[in-house]
>>> print(open('structure_17.pdb').read())   # PDB, C-alpha atoms (C1' of nucleotides)
ATOM      1  CA  MET M   1       0.000   0.000   0.000
ATOM      2  CA  PRO M   2       2.455   2.654   0.949
ATOM      3  CA  GLU M   3       4.174   4.497  -1.829
ATOM      4  CA  LEU M   4       6.916   7.077  -1.515
ATOM      5  CA  PRO M   5       4.889   9.817   0.263
ATOM      6  CA  GLU M   6       3.628   7.379   2.882
ATOM      7  CA  VAL M   7       7.121   5.980   3.508
ATOM      8  CA  GLU M   8       8.563   9.488   3.706
ATOM      9  CA  THR M   9       5.861  10.521   6.169
ATOM     10  CA  ILE M  10       6.730   7.569   8.395
ATOM     11  CA  ARG M  11      10.450   8.333   8.086
ATOM     12  CA  ARG M  12       9.958  11.936   9.199
ATOM     13  CA  GLN M  13       7.797  10.856  12.110
ATOM     14  CA  LEU M  14      10.348   8.294  13.253
ATOM     15  CA  CYS M  15      13.014  10.999  13.181
ATOM     16  CA  ALA M  16      10.782  13.446  15.041
ATOM     17  CA  ALA M  17      10.039  10.789  17.660
ATOM     18  CA  GLY M  18      13.737  10.538  18.441
ATOM     19  CA  VAL M  19      14.405   7.059  17.152
ATOM     20  CA  GLU M  20      17.745   8.066  15.634
ATOM     21  CA  GLY M  21      20.749   7.680  17.883
ATOM     22  CA  ARG M  22      19.278   4.906  19.997
ATOM     23  CA  THR M  23      20.794   1.500  20.489
ATOM     24  CA  ILE M  24      18.920  -1.622  19.436
ATOM     25  CA  GLU M  25      18.856  -3.574  22.672
ATOM     26  CA  LYS M  26      16.656  -6.475  21.695
ATOM     27  CA  VAL M  27      15.013  -7.773  18.543
ATOM     28  CA  HIS M  28      11.854  -9.863  18.311
ATOM     29  CA  ILE M  29      10.901 -11.560  15.058
ATOM     30  CA  GLU M  30       7.315 -12.799  15.133
ATOM     31  CA  TRP M  31       7.049 -13.783  11.454
ATOM     32  CA  PRO M  32      10.319 -15.384  10.290
ATOM     33  CA  ARG M  33       9.782 -14.701   6.586
ATOM     34  CA  THR M  34      10.017 -10.976   7.341
ATOM     35  CA  VAL M  35      13.805 -11.341   7.586
ATOM     36  CA  GLU M  36      14.360 -14.032   4.933
ATOM     37  CA  PRO M  37      16.811 -15.290   3.787
ATOM     38  CA  LEU M  38      18.294 -14.941   7.280
ATOM     39  CA  THR M  39      16.875 -16.950  10.133
ATOM     40  CA  PRO M  40      15.437 -14.905  12.998
ATOM     41  CA  SER M  41      18.243 -15.961  15.343
ATOM     42  CA  VAL M  42      20.999 -14.952  12.913
ATOM     43  CA  PHE M  43      19.207 -11.693  12.151
ATOM     44  CA  CYS M  44      18.795 -10.849  15.852
ATOM     45  CA  LYS M  45      22.427 -11.637  16.577
ATOM     46  CA  GLN M  46      23.587  -9.285  13.827
ATOM     47  CA  VAL M  47      21.352  -6.384  14.829
ATOM     48  CA  GLN M  48      21.309  -6.501  18.609
ATOM     49  CA  GLY M  49      23.644  -4.016  20.253
ATOM     50  CA  ARG M  50      24.023  -1.866  17.137
ATOM     51  CA  GLN M  51      23.289   1.822  17.131
ATOM     52  CA  LEU M  52      20.610   3.148  14.813
ATOM     53  CA  GLU M  53      22.410   6.218  13.557
ATOM     54  CA  LYS M  54      20.151   7.649  10.920
ATOM     55  CA  ILE M  55      16.973   6.940   8.998
ATOM     56  CA  ASP M  56      17.022   7.533   5.259
ATOM     57  CA  ARG M  57      14.879   6.508   2.353
ATOM     58  CA  HIS M  58      15.272   5.632  -1.304
ATOM     59  CA  GLY M  59      12.044   5.062  -3.210
ATOM     60  CA  LYS M  60       9.793   2.929  -1.052
ATOM     61  CA  TRP M  61      12.689   1.537   1.008
ATOM     62  CA  LEU M  62      13.455   2.828   4.478
ATOM     63  CA  ILE M  63      17.171   2.717   5.221
ATOM     64  CA  PHE M  64      18.094   2.371   8.877
ATOM     65  CA  ARG M  65      21.776   3.214   8.932
ATOM     66  CA  LEU M  66      23.484   1.229  11.657
ATOM     67  CA  ASP M  67      26.932   1.728  13.096
ATOM     68  CA  GLY M  68      29.336  -0.708  11.487
ATOM     69  CA  LYS M  69      28.938  -2.266   8.112
ATOM     70  CA  GLU M  70      25.393  -3.246   7.275
ATOM     71  CA  ASN M  71      22.260  -1.181   6.999
ATOM     72  CA  LEU M  72      18.787  -2.379   7.789
ATOM     73  CA  LEU M  73      16.526  -1.942   4.761
ATOM     74  CA  VAL M  74      12.774  -2.085   5.313
ATOM     75  CA  HIS M  75      10.123  -2.407   2.615
ATOM     76  CA  LEU M  76       6.522  -1.995   3.791
ATOM     77  CA  ARG M  77       5.048  -3.620   0.657
ATOM     78  CA  MET M  78       1.237  -3.587   0.829
ATOM     79  CA  THR M  79       0.306  -3.306   4.481
ATOM     80  CA  GLY M  80       3.447  -2.642   6.510
ATOM     81  CA  GLY M  81       3.685   0.185   9.015
ATOM     82  CA  PHE M  82       5.390   1.221  12.239
ATOM     83  CA  TYR M  83       4.186   2.353  15.621
ATOM     84  CA  LEU M  84       5.965   3.167  18.855
ATOM     85  CA  THR M  85       5.277   2.169  22.443
ATOM     86  CA  GLN M  86       7.083   3.035  25.635
ATOM     87  CA  GLY M  87       8.035   0.715  28.489
ATOM     88  CA  ALA M  88       6.977  -2.904  28.983
ATOM     89  CA  LEU M  89       6.624  -4.720  25.686
ATOM     90  CA  LYS M  90       3.122  -5.652  24.663
ATOM     91  CA  GLU M  91       2.868  -7.364  21.326
ATOM     92  CA  GLY M  92       0.160  -6.153  18.927
ATOM     93  CA  LYS M  93      -1.993  -8.527  16.908
ATOM     94  CA  HIS M  94      -0.271  -7.999  13.544
ATOM     95  CA  ASP M  95       3.240  -7.264  14.820
ATOM     96  CA  ARG M  96       5.812  -9.108  12.686
ATOM     97  CA  ALA M  97       8.972  -7.662  14.217
ATOM     98  CA  ILE M  98       9.829  -5.399  17.149
ATOM     99  CA  LEU M  99      12.973  -3.470  17.999
ATOM    100  CA  GLN M 100      13.465  -2.653  21.660
ATOM    101  CA  LEU M 101      15.514   0.535  21.703
ATOM    102  CA  SER M 102      17.484   2.225  24.449
ATOM    103  CA  GLY M 103      15.440   4.504  26.673
ATOM    104  CA  GLY M 104      12.549   2.040  26.785
ATOM    105  CA  LEU M 105      11.216   2.848  23.318
ATOM    106  CA  ASN M 106       9.739  -0.046  21.318
ATOM    107  CA  LEU M 107       9.488   0.129  17.536
ATOM    108  CA  HIS M 108       6.747  -2.219  16.321
ATOM    109  CA  PHE M 109       6.484  -3.354  12.704
ATOM    110  CA  ARG M 110       2.832  -4.099  12.006
ATOM    111  CA  ASP M 111       2.057  -5.908   8.756
ATOM    112  CA  PRO M 112      -1.278  -7.763   8.450
ATOM    113  CA  ARG M 113      -0.549  -9.292   5.038
ATOM    114  CA  LYS M 114       3.016 -10.354   5.936
ATOM    115  CA  PHE M 115       4.481  -9.040   2.673
ATOM    116  CA  GLY M 116       6.871  -6.555   4.286
ATOM    117  CA  ARG M 117      10.589  -7.362   4.260
ATOM    118  CA  TRP M 118      13.591  -6.491   6.423
ATOM    119  CA  LYS M 119      17.010  -6.955   4.856
ATOM    120  CA  LEU M 120      20.508  -6.507   6.165
ATOM    121  CA  GLU M 121      22.667  -5.142   3.382
ATOM    122  CA  SER M 122      26.089  -3.647   3.099
ATOM    123  CA  ASP M 123      27.031  -3.725  -0.543
ATOM    124  CA  VAL M 124      23.802  -2.579  -2.179
ATOM    125  CA  VAL M 125      23.984   0.850  -0.647
ATOM    126  CA  GLY M 126      25.844   3.568  -2.494
ATOM    127  CA  HIS M 127      25.782   7.315  -2.046
ATOM    128  CA  ALA M 128      24.561  10.290  -4.011
ATOM    129  CA  SER M 129      24.815  13.962  -3.271
ATOM    130  CA  ARG M 130      21.374  15.509  -3.480
ATOM    131  CA  ILE M 131      19.664  18.814  -3.076
ATOM    132  CA  ARG M 132      17.048  18.510  -0.361
ATOM    133  CA  GLU M 133      14.384  20.971   0.668
ATOM    134  CA  ARG M 134      13.479  22.141   4.121
ATOM    135  CA  VAL M 135       9.722  22.471   4.158
ATOM    136  CA  SER M 136       7.523  24.076   6.783
ATOM    137  CA  ASP M 137       4.552  22.230   8.271
ATOM    138  CA  ASP M 138       2.168  23.870   5.810
ATOM    139  CA  GLY M 139       4.292  22.845   2.870
ATOM    140  CA  HIS M 140       6.211  26.004   2.031
ATOM    141  CA  LYS M 141       9.774  25.632   0.909
ATOM    142  CA  LEU M 142      12.092  27.188   3.482
ATOM    143  CA  SER M 143      15.531  26.496   2.071
ATOM    144  CA  GLU M 144      17.663  24.040   0.124
ATOM    145  CA  TYR M 145      20.652  22.101   1.326
ATOM    146  CA  ARG M 146      22.963  19.455  -0.022
ATOM    147  CA  GLU M 147      22.936  16.064   1.597
ATOM    148  CA  ASP M 148      24.768  12.813   1.151
ATOM    149  CA  CYS M 149      22.033  10.227   0.660
ATOM    150  CA  PRO M 150      22.399   6.498   0.495
ATOM    151  CA  THR M 151      21.085   4.986  -2.700
ATOM    152  CA  ILE M 152      20.065   1.415  -3.282
ATOM    153  CA  VAL M 153      21.721  -0.183  -6.265
ATOM    154  CA  GLY M 154      19.191  -1.140  -8.928
ATOM    155  CA  LEU M 155      16.698   1.561  -8.060
ATOM    156  CA  GLY M 156      16.207   4.576 -10.284
ATOM    157  CA  PRO M 157      16.496   8.135  -8.981
ATOM    158  CA  ASP M 158      14.209   8.884  -6.057
ATOM    159  CA  ALA M 159      10.908  10.340  -7.241
ATOM    160  CA  LEU M 160      10.944  13.081  -4.594
ATOM    161  CA  THR M 161      14.373  14.458  -5.458
ATOM    162  CA  VAL M 162      14.867  13.416  -9.096
ATOM    163  CA  THR M 163      16.201  16.220 -11.292
ATOM    164  CA  LYS M 164      14.960  16.992 -14.777
ATOM    165  CA  ALA M 165      18.268  15.805 -16.242
ATOM    166  CA  GLU M 166      18.095  12.489 -14.368
ATOM    167  CA  PHE M 167      14.493  11.982 -15.431
ATOM    168  CA  PHE M 168      15.290  12.558 -19.089
ATOM    169  CA  GLN M 169      18.316  10.301 -18.857
ATOM    170  CA  SER M 170      16.193   7.578 -17.314
ATOM    171  CA  LEU M 171      13.715   7.920 -20.201
ATOM    172  CA  GLU M 172      16.482   7.519 -22.745
ATOM    173  CA  GLY M 173      16.020   4.456 -24.941
ATOM    174  CA  GLN M 174      12.827   3.380 -23.149
ATOM    175  CA  ASN M 175       9.741   2.427 -25.075
ATOM    176  CA  LYS M 176       7.333   1.120 -22.491
ATOM    177  CA  VAL M 177       3.667   1.702 -21.844
ATOM    178  CA  LEU M 178       3.653   4.802 -19.620
ATOM    179  CA  LYS M 179       1.757   3.182 -16.760
ATOM    180  CA  ALA M 180       4.212   0.268 -16.639
ATOM    181  CA  LEU M 181       7.185   2.612 -16.891
ATOM    182  CA  LEU M 182       6.099   4.719 -13.919
ATOM    183  CA  LEU M 183       5.641   1.575 -11.831
ATOM    184  CA  ASP M 184       9.129   0.357 -12.785
ATOM    185  CA  GLN M 185      11.315   1.129  -9.752
ATOM    186  CA  SER M 186      14.479   1.082 -11.854
ATOM    187  CA  PHE M 187      13.070   3.963 -13.920
ATOM    188  CA  VAL M 188      12.122   6.216 -11.013
ATOM    189  CA  ALA M 189      11.901   4.868  -7.475
ATOM    190  CA  GLY M 190       8.872   5.427  -5.295
ATOM    191  CA  VAL M 191       5.902   5.701  -7.647
ATOM    192  CA  GLY M 192       3.162   3.120  -7.086
ATOM    193  CA  ASN M 193      -0.287   2.556  -8.512
ATOM    194  CA  ILE M 194      -2.013   5.568  -6.949
ATOM    195  CA  TYR M 195       0.583   8.176  -7.811
ATOM    196  CA  ALA M 196       1.180   6.685 -11.277
ATOM    197  CA  ASP M 197      -2.476   7.255 -12.162
ATOM    198  CA  GLU M 198      -2.450  10.699 -10.556
ATOM    199  CA  ALA M 199       0.737  11.753 -12.354
ATOM    200  CA  LEU M 200      -0.574  10.617 -15.738
ATOM    201  CA  PHE M 201      -3.798  12.514 -15.166
ATOM    202  CA  GLU M 202      -1.862  15.591 -14.057
ATOM    203  CA  ALA M 203       0.201  15.334 -17.266
ATOM    204  CA  ARG M 204      -2.963  14.651 -19.350
ATOM    205  CA  LEU M 205      -1.187  11.640 -20.843
ATOM    206  CA  ASP M 206      -2.920   8.399 -21.791
ATOM    207  CA  PRO M 207      -1.499   5.600 -19.588
ATOM    208  CA  ARG M 208      -1.462   3.261 -22.629
ATOM    209  CA  ARG M 209       0.883   5.535 -24.584
ATOM    210  CA  LYS M 210       4.415   4.263 -25.222
ATOM    211  CA  SER M 211       7.171   6.360 -23.682
ATOM    212  CA  GLY M 212       9.031   6.384 -26.992
ATOM    213  CA  SER M 213       6.208   8.409 -28.520
ATOM    214  CA  LEU M 214       6.606  11.340 -26.116
ATOM    215  CA  SER M 215       7.778  14.672 -27.448
ATOM    216  CA  ASP M 216      10.316  16.610 -25.396
ATOM    217  CA  ALA M 217       7.525  18.888 -24.229
ATOM    218  CA  GLU M 218       5.498  15.891 -23.086
ATOM    219  CA  LYS M 219       8.499  14.404 -21.292
ATOM    220  CA  LEU M 220       8.900  17.657 -19.405
ATOM    221  CA  THR M 221       5.192  17.688 -18.591
ATOM    222  CA  LEU M 222       5.462  14.140 -17.252
ATOM    223  CA  TYR M 223       8.507  15.036 -15.153
ATOM    224  CA  LYS M 224       6.705  18.000 -13.631
ATOM    225  CA  ALA M 225       3.572  15.922 -13.015
ATOM    226  CA  VAL M 226       5.426  13.093 -11.242
ATOM    227  CA  THR M 227       7.335  15.414  -8.923
ATOM    228  CA  LYS M 228       4.243  17.524  -8.328
ATOM    229  CA  VAL M 229       1.982  14.674  -7.213
ATOM    230  CA  ILE M 230       4.711  13.045  -5.124
ATOM    231  CA  LYS M 231       5.506  16.329  -3.363
ATOM    232  CA  ALA M 232       1.815  17.012  -2.806
ATOM    233  CA  GLY M 233       1.463  13.528  -1.300
ATOM    234  CA  VAL M 234       4.343  14.147   1.085
ATOM    235  CA  ARG M 235       2.975  17.562   2.035
ATOM    236  CA  ASN M 236      -0.370  16.043   2.922
ATOM    237  CA  GLY M 237       1.111  13.150   4.865
ATOM    238  CA  GLY M 238       0.282  10.416   2.380
ATOM    239  CA  THR M 239      -2.855   8.925   0.938
ATOM    240  CA  SER M 240      -5.206   6.379   2.327
ATOM    241  CA  LEU M 241      -8.354   5.137   0.752
ATOM    242  CA  GLY M 242     -11.394   3.755   2.484
ATOM    243  CA  ASP M 243     -11.244   0.326   0.921
ATOM    244  CA  GLY M 244      -9.989  -2.808   2.557
ATOM    245  CA  GLN M 245      -7.638  -3.513   5.405
ATOM    246  CA  GLY M 246      -4.608  -2.222   3.537
ATOM    247  CA  ASN M 247      -5.449   1.323   4.536
ATOM    248  CA  TYR M 248      -2.350   3.264   5.212
ATOM    249  CA  VAL M 249      -1.990   4.896   8.588
ATOM    250  CA  ASP M 250       1.028   6.798   9.808
ATOM    251  CA  LEU M 251       3.055   6.316  12.959
ATOM    252  CA  ASN M 252       0.255   7.763  15.071
ATOM    253  CA  GLY M 253      -2.476   5.716  13.429
ATOM    254  CA  GLU M 254      -3.712   8.719  11.461
ATOM    255  CA  ALA M 255      -4.998   8.346   7.899
ATOM    256  CA  GLY M 256      -3.156  10.292   5.232
ATOM    257  CA  GLY M 257      -4.549  13.728   4.408
ATOM    258  CA  HIS M 258      -3.937  13.268   0.682
ATOM    259  CA  ARG M 259      -7.090  11.195   0.370
ATOM    260  CA  GLU M 260      -9.236  14.168  -0.593
ATOM    261  CA  LYS M 261      -6.752  15.340  -3.205
ATOM    262  CA  VAL M 262      -6.867  12.232  -5.381
ATOM    263  CA  LYS M 263      -8.360  13.074  -8.789
ATOM    264  CA  VAL M 264      -8.584   9.697 -10.544
ATOM    265  CA  TYR M 265      -7.426   6.770  -8.398
ATOM    266  CA  GLY M 266     -10.432   4.968  -6.907
ATOM    267  CA  ARG M 267     -12.851   7.279  -8.746
ATOM    268  CA  ALA M 268     -13.828   5.013 -11.645
ATOM    269  CA  GLY M 269     -17.216   5.965 -13.085
ATOM    270  CA  GLN M 270     -17.219   9.321 -11.321
ATOM    271  CA  PRO M 271     -16.953  12.531 -13.337
ATOM    272  CA  CYS M 272     -13.528  13.797 -14.371
ATOM    273  CA  VAL M 273     -12.766  16.931 -12.349
ATOM    274  CA  VAL M 274     -11.762  18.705 -15.563
ATOM    275  CA  CYS M 275     -14.270  17.719 -18.255
ATOM    276  CA  GLY M 276     -17.020  15.882 -16.383
ATOM    277  CA  HIS M 277     -16.858  12.693 -18.456
ATOM    278  CA  PRO M 278     -17.002   9.510 -16.360
ATOM    279  CA  LEU M 279     -13.533   8.156 -15.528
ATOM    280  CA  HIS M 280     -12.573   4.899 -17.232
ATOM    281  CA  LYS M 281     -11.240   1.862 -15.337
ATOM    282  CA  THR M 282      -9.117  -0.825 -16.951
ATOM    283  CA  GLN M 283      -6.116  -3.116 -16.390
ATOM    284  CA  ILE M 284      -2.727  -1.978 -17.660
ATOM    285  CA  ALA M 285       0.416  -3.901 -16.804
ATOM    286  CA  GLN M 286      -1.809  -6.132 -14.639
ATOM    287  CA  ARG M 287      -2.733  -3.197 -12.442
ATOM    288  CA  THR M 288      -6.012  -1.389 -11.963
ATOM    289  CA  THR M 289      -5.785   1.883 -13.862
ATOM    290  CA  VAL M 290      -8.224   4.784 -13.837
ATOM    291  CA  PHE M 291      -8.016   7.636 -16.316
ATOM    292  CA  CYS M 292     -10.038  10.099 -18.370
ATOM    293  CA  THR M 293     -10.277   8.986 -22.002
ATOM    294  CA  HIS M 294     -11.374  12.495 -22.891
ATOM    295  CA  CYS M 295      -8.601  14.542 -21.244
ATOM    296  CA  GLN M 296      -5.634  12.156 -21.370
ATOM    297  CA  LYS M 297      -4.096  11.860 -24.841
TER     298      LYS M 297
ATOM    299  C1'  DG P   1       4.278  -9.559 -21.532
ATOM    300  C1'  DA P   2       1.536 -12.276 -18.531
ATOM    301  C1'  DA P   3       0.408 -15.192 -14.801
ATOM    302  C1'  DG P   4       1.237 -17.008 -10.339
ATOM    303  C1'  DA P   5       3.004 -16.646  -5.702
ATOM    304  C1'  DC P   6       3.250 -14.468  -1.374
ATOM    305  C1'  DC P   7      -0.871 -13.271   2.600
ATOM    306  C1'  DT P   8      -4.939 -11.368   5.270
ATOM    307  C1'  DG P   9      -9.152  -9.144   5.906
ATOM    308  C1'  DC P  10     -12.616  -6.134   4.155
ATOM    309  C1'  DT P  11     -16.562  -5.466   0.805
ATOM    310  C1'  DA P  12     -20.110  -6.796  -2.176
TER     311       DA P  12
ATOM    312  C1'  DT Q   1     -18.350 -16.877  -0.161
ATOM    313  C1'  DA Q   2     -15.940 -14.979  -3.880
ATOM    314  C1'  DG Q   3     -13.401 -11.178  -5.242
ATOM    315  C1'  DC Q   4     -10.343  -7.691  -4.517
ATOM    316  C1'  DA Q   5      -6.314  -4.740  -2.714
ATOM    317  C1'  DG Q   6      -1.774   0.458  -2.728
ATOM    318  C1'  DG Q   7       4.029  -4.274  -4.201
ATOM    319  C1'  DT Q   8       7.514  -7.105  -5.897
ATOM    320  C1'  DC Q   9       9.619 -11.428  -7.264
ATOM    321  C1'  DT Q  10       9.809 -15.674  -9.982
ATOM    322  C1'  DT Q  11       8.670 -18.318 -13.826
ATOM    323  C1'  DC Q  12       7.048 -19.212 -18.003
TER     324       DC Q  12
END
>>> encode(input="structure_17.pdb", output="structure tokens")
Amino acid sequence: MPELPEVETIRRQLCAAGVEGRTIEKVHIEWPRTVEPLTPSVFCKQVQGRQLEKIDRHGKWLIFRLDGKENLLVHLRMTGGFYLTQGALKEGKHDRAILQLSGGLNLHFRDPRKFGRWKLESDVVGHASRIRERVSDDGHKLSEYREDCPTIVGLGPDALTVTKAEFFQSLEGQNKVLKALLLDQSFVAGVGNIYADEALFEARLDPRRKSGSLSDAEKLTLYKAVTKVIKAGVRNGGTSLGDGQGNYVDLNGEAGGHREKVKVYGRAGQPCVVCGHPLHKTQIAQRTTVFCTHCQK
DNA sequence: GAAGACCTGCTA
DNA sequence: TAGCAGGTCTTC
């Protein structure tokens, strides 16, 4: 369920809650496949006693930078999420893993569908120097600063910080159906089904179009649309939709505020906010896709 | 490119 | 009770 804005929201909340800098005193693995291919006992042995120095993100992966060699990479997949408790450990119903941190703070990984994954990796993490933005609570840009960010090998540039030049370079030589391309994490990392549909609507591009058919102007429009919807999602604290148990909630159990901003995803049959024609629902790249056949060309 | 696998729980 | 879900990986 969570895409980049939801993961980024969780990352910021974990930082704000003071998780960084704490030592991992004890690890509990309740669902062994969460840490595959390691066994829970090997995983615990490698992580216990390490300091959690910093929390980063690349695409939909959270990167817990530990002292020493490896980093802990967490992918929430469809239903993963974190919450914090203080003091005596009380296991929640869908908890799959728990980190007991110094100072009595417990970091619970809740994941009803058990798709989430925790990996210990040293060699897949590289570094990139990036321009980051400081943003106020109401979403206004305060300033820019340069930061050394870990990058996961095999993932494309992060959808929140991707530059126009990187985006165009990533498009080079591609000729994929646009919907499939946006979902391809090696193209741009962090876009999932919701934001792919929203970005294509924002760009007024037909999701069935091939990327090779885009003019330079359309490529630029797509770049602006992707970064715009991702940034809007982050600003609003993520999206959650009122269907099914996969509903995203943040660290505090709050639903994402981006829900009301969604223009096409989950609105099949309802009128397009631009032209009023009913929105069309279909399958593209084996994923539910909603778009306006009238506005998106 | 497409289908199946991994999973649970909510909705129709 | 069947069908469906925001993600990714493996196997045709």
>>> resolve_selection(input="structure_17.pdb", expression="the PyMOL selection byres ((chain P) within 6 of (chain M))", output="list in words")
DC7, DT8, DG9 and DC10 of chain P
>>> resolve_selection(input="structure_17.pdb", expression="the PyMOL selection byres ((chain Q) within 10 of (chain M))", output="list in words")
DC4, DA5, DG6, DG7 and DT8 of chain Q
>>> atom_distance(input="structure_17.pdb", atom1="CA of Arg33 in chain M", atom2="C1' of DG1 in chain P")
29.1 Å
>>> resolve_selection(input="structure_17.pdb", expression="the PyMOL selection byres ((chain Q and resi 2) around 12)", output="PyMOL selection string")
(chain P and resi 11-12) or (chain Q and resi 1+3-4)
>>> residues_around(input="structure_17.pdb", residues="Val35 in chain M", least_positions_apart="3", cutoff="10 Å", atoms="only C-alpha atoms (C1' of nucleotides)", output="number ranges by chain")
M: 29, 31-32, 38-40, 42-44, 74, 96-97, 116-120
>>> atom_distance(input="structure_17.pdb", atom1="CA of Asp56 in chain M", atom2="CA of Thr23 in chain M")
16.8 Å
>>> residues_around(input="structure_17.pdb", residues="Val27 in chain M", least_positions_apart="5", cutoff="7 Å", atoms="all atoms listed in the file", output="list in words")
Cys44, Gln48, Ile98, Leu99 and Gln100 of chain M
>>> atom_distance(input="structure_17.pdb", atom1="C1' of DC12 in chain Q", atom2="CA of Arg287 in chain M")
19.6 Å
>>> residues_around(input="structure_17.pdb", residues="Gly21 in chain M", least_positions_apart="4", cutoff="8 Å", atoms="only C-alpha atoms (C1' of nucleotides)", output="JSON, numbers by chain")
{"M": [51, 52, 53, 54]}
>>> write_last_selection(input="structure_17.pdb", atoms="C-alpha atoms", output="mmCIF file, in the coordinates of the input")
data_model
loop_
_atom_site.group_PDB
_atom_site.id
_atom_site.type_symbol
_atom_site.label_atom_id
_atom_site.label_comp_id
_atom_site.auth_asym_id
_atom_site.auth_seq_id
_atom_site.Cartn_x
_atom_site.Cartn_y
_atom_site.Cartn_z
ATOM 1 C CA GLN M 51 23.289 1.822 17.131
ATOM 2 C CA LEU M 52 20.610 3.148 14.813
ATOM 3 C CA GLU M 53 22.410 6.218 13.557
ATOM 4 C CA LYS M 54 20.151 7.649 10.920
#
>>> axis_aligned_box(input="structure_17.pdb", around="range 1-8 of chain P", padding_each_side="4 Å", output="AutoDock Vina command-line options")
--center_x -0.3 --center_y -13.3 --center_z -8.1 --size_x 17.2 --size_y 15.4 --size_z 34.8
>>> residues_around(input="structure_17.pdb", residues="DG4 in chain P", least_positions_apart="6", cutoff="12 Å", atoms="only C-alpha atoms (C1' of nucleotides)", output="ChimeraX atom specification")
/Q:9-12
>>> write_last_selection(input="structure_17.pdb", atoms="C-alpha atoms (C1' of nucleotides)", output="PDB file, in the frame of the given file")
ATOM      1  C1'  DC Q   9       9.619 -11.428  -7.264  1.00  0.00           C
ATOM      2  C1'  DT Q  10       9.809 -15.674  -9.982  1.00  0.00           C
ATOM      3  C1'  DT Q  11       8.670 -18.318 -13.826  1.00  0.00           C
ATOM      4  C1'  DC Q  12       7.048 -19.212 -18.003  1.00  0.00           C
TER       5       DC Q  12
END
>>> residues_around(input="structure_17.pdb", residues="Leu73 in chain M", least_positions_apart="4", cutoff="10 Å", atoms="all atoms listed in the file", output="PDB file with C-alpha atoms, in the coordinates of the input")
ATOM      1  CA  ILE M  55      16.973   6.940   8.998  1.00  0.00           C
ATOM      2  CA  ASP M  56      17.022   7.533   5.259  1.00  0.00           C
ATOM      3  CA  ARG M  57      14.879   6.508   2.353  1.00  0.00           C
ATOM      4  CA  HIS M  58      15.272   5.632  -1.304  1.00  0.00           C
ATOM      5  CA  TRP M  61      12.689   1.537   1.008  1.00  0.00           C
ATOM      6  CA  LEU M  62      13.455   2.828   4.478  1.00  0.00           C
ATOM      7  CA  ILE M  63      17.171   2.717   5.221  1.00  0.00           C
ATOM      8  CA  PHE M  64      18.094   2.371   8.877  1.00  0.00           C
ATOM      9  CA  ARG M  65      21.776   3.214   8.932  1.00  0.00           C
ATOM     10  CA  ARG M 117      10.589  -7.362   4.260  1.00  0.00           C
ATOM     11  CA  TRP M 118      13.591  -6.491   6.423  1.00  0.00           C
ATOM     12  CA  LYS M 119      17.010  -6.955   4.856  1.00  0.00           C
ATOM     13  CA  LEU M 120      20.508  -6.507   6.165  1.00  0.00           C
ATOM     14  CA  GLU M 121      22.667  -5.142   3.382  1.00  0.00           C
ATOM     15  CA  SER M 122      26.089  -3.647   3.099  1.00  0.00           C
ATOM     16  CA  VAL M 125      23.984   0.850  -0.647  1.00  0.00           C
ATOM     17  CA  ILE M 152      20.065   1.415  -3.282  1.00  0.00           C
TER      18      ILE M 152
END
